[in-house]
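Asker: What follows is work.cif; its format and atoms are mmCIF, C-alpha atoms and all ligand atoms.
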data_target
#
loop_
_atom_site.group_PDB
_atom_site.id
_atom_site.type_symbol
_atom_site.label_atom_id
_atom_site.label_comp_id
_atom_site.auth_asym_id
_atom_site.auth_seq_id
_atom_site.Cartn_x
_atom_site.Cartn_y
_atom_site.Cartn_z
ATOM 1 C CA MET R 1 0.000 0.000 0.000
ATOM 2 C CA ILE R 2 1.413 3.359 -0.985
ATOM 3 C CA GLU R 3 0.232 6.453 0.808
ATOM 4 C CA ASN R 4 0.894 10.031 -0.191
ATOM 5 C CA PHE R 5 2.977 8.911 -3.107
ATOM 6 C CA ASP R 6 5.116 11.603 -4.621
ATOM 7 C CA PHE R 7 8.627 12.001 -6.015
ATOM 8 C CA ASP R 8 10.038 12.480 -2.541
ATOM 9 C CA ALA R 9 8.599 9.247 -1.226
ATOM 10 C CA VAL R 10 11.295 6.804 -0.213
ATOM 11 C CA ASP R 11 10.263 3.352 0.873
ATOM 12 C CA GLU R 12 11.230 1.909 4.240
ATOM 13 C CA ALA R 13 13.247 -0.915 2.733
ATOM 14 C CA THR R 14 15.487 1.526 0.895
ATOM 15 C CA ILE R 15 16.033 3.599 4.024
ATOM 16 C CA ARG R 16 16.889 0.482 6.044
ATOM 17 C CA ARG R 17 19.336 -0.676 3.401
ATOM 18 C CA GLU R 18 21.001 2.727 3.165
ATOM 19 C CA ARG R 19 21.237 2.995 6.970
ATOM 20 C CA ALA R 20 22.980 -0.377 7.085
ATOM 21 C CA LYS R 21 25.357 0.783 4.392
ATOM 22 C CA ALA R 22 26.137 3.920 6.409
ATOM 23 C CA ARG R 23 26.835 1.794 9.499
ATOM 24 C CA ASP R 24 29.296 -0.294 7.513
ATOM 25 C CA LEU R 25 31.009 2.803 6.161
ATOM 26 C CA ARG R 26 31.535 4.019 9.728
ATOM 27 C CA LYS R 27 33.880 1.080 10.275
ATOM 28 C CA THR R 28 36.079 1.892 7.313
ATOM 29 C CA ARG R 29 39.403 3.670 7.020
ATOM 30 C CA TRP R 30 37.729 6.184 4.784
ATOM 31 C CA TRP R 31 35.519 7.328 7.677
ATOM 32 C CA GLN R 32 38.457 7.349 10.089
ATOM 33 C CA GLN R 33 40.246 9.723 7.783
ATOM 34 C CA LYS R 34 37.152 11.798 7.269
ATOM 35 C CA THR R 35 36.754 12.286 11.020
ATOM 36 C CA SER R 36 40.456 12.638 11.820
ATOM 37 C CA SER R 37 40.294 16.434 11.909
ATOM 38 C CA GLY R 38 37.637 16.150 14.627
ATOM 39 C CA LEU R 39 35.715 19.057 13.176
ATOM 40 C CA CYS R 40 32.013 19.326 12.497
ATOM 41 C CA TYR R 41 31.375 19.687 8.777
ATOM 42 C CA TYR R 42 28.698 22.327 9.375
ATOM 43 C CA CYS R 43 29.737 24.505 12.301
ATOM 44 C CA SER R 44 33.488 23.690 12.243
ATOM 45 C CA LYS R 45 33.475 23.136 15.989
ATOM 46 C CA LYS R 46 35.791 20.552 17.492
ATOM 47 C CA VAL R 47 33.896 17.333 18.204
ATOM 48 C CA LEU R 48 35.036 14.491 20.444
ATOM 49 C CA TYR R 49 35.391 11.312 18.452
ATOM 50 C CA LYS R 50 32.670 9.566 20.444
ATOM 51 C CA ASP R 51 30.293 12.442 19.726
ATOM 52 C CA VAL R 52 30.845 12.567 15.991
ATOM 53 C CA THR R 53 27.725 11.645 14.091
ATOM 54 C CA MET R 54 27.424 10.691 10.476
ATOM 55 C CA ASP R 55 25.132 12.896 8.467
ATOM 56 C CA HIS R 56 23.702 12.545 4.991
ATOM 57 C CA LEU R 57 24.033 15.824 3.085
ATOM 58 C CA VAL R 58 20.908 14.877 1.187
ATOM 59 C CA PRO R 59 18.835 13.012 3.811
ATOM 60 C CA LEU R 60 17.744 9.464 3.068
ATOM 61 C CA ALA R 61 14.140 10.506 3.493
ATOM 62 C CA ARG R 62 14.657 13.016 0.692
ATOM 63 C CA GLY R 63 16.176 10.544 -1.719
ATOM 64 C CA GLY R 64 19.810 10.744 -0.613
ATOM 65 C CA ARG R 65 22.032 7.678 -0.516
ATOM 66 C CA SER R 66 24.807 6.364 1.715
ATOM 67 C CA SER R 67 27.530 7.149 -0.766
ATOM 68 C CA LYS R 68 30.878 8.548 0.283
ATOM 69 C CA ASP R 69 30.211 11.903 -1.306
ATOM 70 C CA ASN R 70 26.913 12.245 0.568
ATOM 71 C CA LEU R 71 28.250 11.504 4.055
ATOM 72 C CA VAL R 72 29.888 14.021 6.368
ATOM 73 C CA PRO R 73 30.923 14.021 10.029
ATOM 74 C CA CYS R 74 29.115 16.499 12.238
ATOM 75 C CA CYS R 75 28.301 17.242 15.853
ATOM 76 C CA LYS R 76 25.068 16.093 17.497
ATOM 77 C CA ASP R 77 23.759 19.646 17.632
ATOM 78 C CA CYS R 78 23.971 20.178 13.892
ATOM 79 C CA ASN R 79 22.637 16.720 13.167
ATOM 80 C CA ASN R 80 19.611 17.309 15.397
ATOM 81 C CA LYS R 81 18.914 20.676 13.841
ATOM 82 C CA LYS R 82 19.417 19.647 10.255
ATOM 83 C CA LYS R 83 17.241 16.526 10.354
ATOM 84 C CA ASN R 84 15.643 16.125 6.954
ATOM 85 C CA MET R 85 16.619 19.441 5.441
ATOM 86 C CA LEU R 86 18.196 19.532 2.031
ATOM 87 C CA PRO R 87 21.565 21.322 1.773
ATOM 88 C CA LEU R 88 19.896 24.432 0.327
ATOM 89 C CA GLU R 89 17.247 24.538 3.048
ATOM 90 C CA TRP R 90 19.898 24.081 5.713
ATOM 91 C CA GLU R 91 21.914 26.953 4.260
ATOM 92 C CA ALA R 92 18.868 29.190 4.304
ATOM 93 C CA TYR R 93 18.170 28.142 7.894
ATOM 94 C CA GLN R 94 21.709 29.017 8.984
ATOM 95 C CA GLU R 95 21.614 32.326 7.166
ATOM 96 C CA GLY R 96 18.368 33.088 8.953
ATOM 97 C CA LEU R 97 20.066 32.434 12.291
ATOM 98 C CA ALA R 98 23.001 34.655 11.366
ATOM 99 C CA GLU R 99 20.685 37.532 10.493
ATOM 100 C CA LYS R 100 18.968 37.371 13.869
ATOM 101 C CA LYS R 101 22.268 37.900 15.712
HETATM 102 ZN ZN ZN R 201 28.136 21.237 14.278
#
Output the file's structure as structure tokens, nothing else.
Ligand SMILES: [Zn+2]

Answerer:
Amino acid sequence: MIENFDFDAVDEATIRRERAKARDLRKTRWWQQKTSSGLCYYCSKKVLYKDVTMDHLVPLARGGRSSKDNLVPCCKDCNNKKKNMLPLEWEAYQEGLAEKK
């Protein structure tokens, strides 16, 4: 049964498969190197290794995939805030925050 079908709809099976792929990538040398700077991709703050989260630039729910060029290390704060935003939406969100300062 398909509800609310549109071009953004991603089925559960795909999301599960891509999440598993992301988990596997976390164990690779590639990810170790990617996180070696210890900096959050978004806010450039120093992040403790245990607190580094893996984020999809284009979220899985929006059609993104667990490919190396779509995965970045970031802090929990940014990950929580970004959620399912697309890169452009996230940029606009951050610019909005900057303007309020
Ligand atoms: Zn951050």

Asker: I'd like the residues picked by the PyMOL selection byres (((not hetatm)) within 6 of (chain R and resi 201)) written out as a list in words, using the chain letters and numbers from the file.

Answerer: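 When the PyMOL selection byres (((not hetatm)) within 6 of (chain R and resi 201)) is applied, the selected residues are Cys40, Tyr42, Cys43, Lys45, Cys74, Cys75, Asp77 and Cys78 of chain R.
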
Asker: With 5 Å of padding per side, what axis-aligned box (centre and edge lengths, Å, one decimal) covers all the listed atoms of range 77-80 of chain R? Give it as JSON.

Answerer:
{"center_x": 21.8, "center_y": 18.4, "center_z": 15.4, "size_x": 14.4, "size_y": 13.5, "size_z": 14.5}

Asker: Have a look at R:Val58, R:Val47, R:Ala9, R:Ala22 and name the one nearest to Lys82 in chain R; count only C-alpha atoms.

Answerer: R:Val58

Asker: Which residues are close to Glu18 in chain R, i.e. within 9 Å by all atoms listed in the file, leaving aside same-chain residues fewer than 5 positions away? Reply as number ranges by chain.

Answerer: R: 13, 23, 60, 64-67

Asker: Check the smallest atom-to-atom distance from each of R:Ile15, R:Asn79, R:Ala61, R:Val72 to Thr35 in chain R using only C-alpha atoms, then report the winner.

Answerer: R:Val72

Asker: Figure out the distance between CA of Ser44 in chain R and CA of His56 in chain R, please, to one decimal in Å.

Answerer: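 Computing it gives 16.5 Å between the two atoms.
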
Asker: Ranking R:Leu57, R:Pro73, R:Gln33, R:Lys100 by minimum distance to Leu88 in chain R and counting only C-alpha atoms, which one comes first?

Answerer: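 Selected residue with least distance to Leu88 in chain R: R:Leu57.
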
Asker: Using CA of Asp24 in chain R and CA of Asn70 in chain R as the two end points, give the distance in Å to one decimal.

Answerer: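 Taking CA of Asp24 in chain R as the start and CA of Asn70 in chain R as the end point, the length is 14.5 Å.
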
Asker: With distances taken over all atoms listed in the file, which residue among R:Arg62, R:Leu86, R:Ser37, R:Asp69 lies nearest Leu25 in chain R?

Answerer: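 Ranked by minimum distance to Leu25 in chain R, first place goes to R:Asp69.
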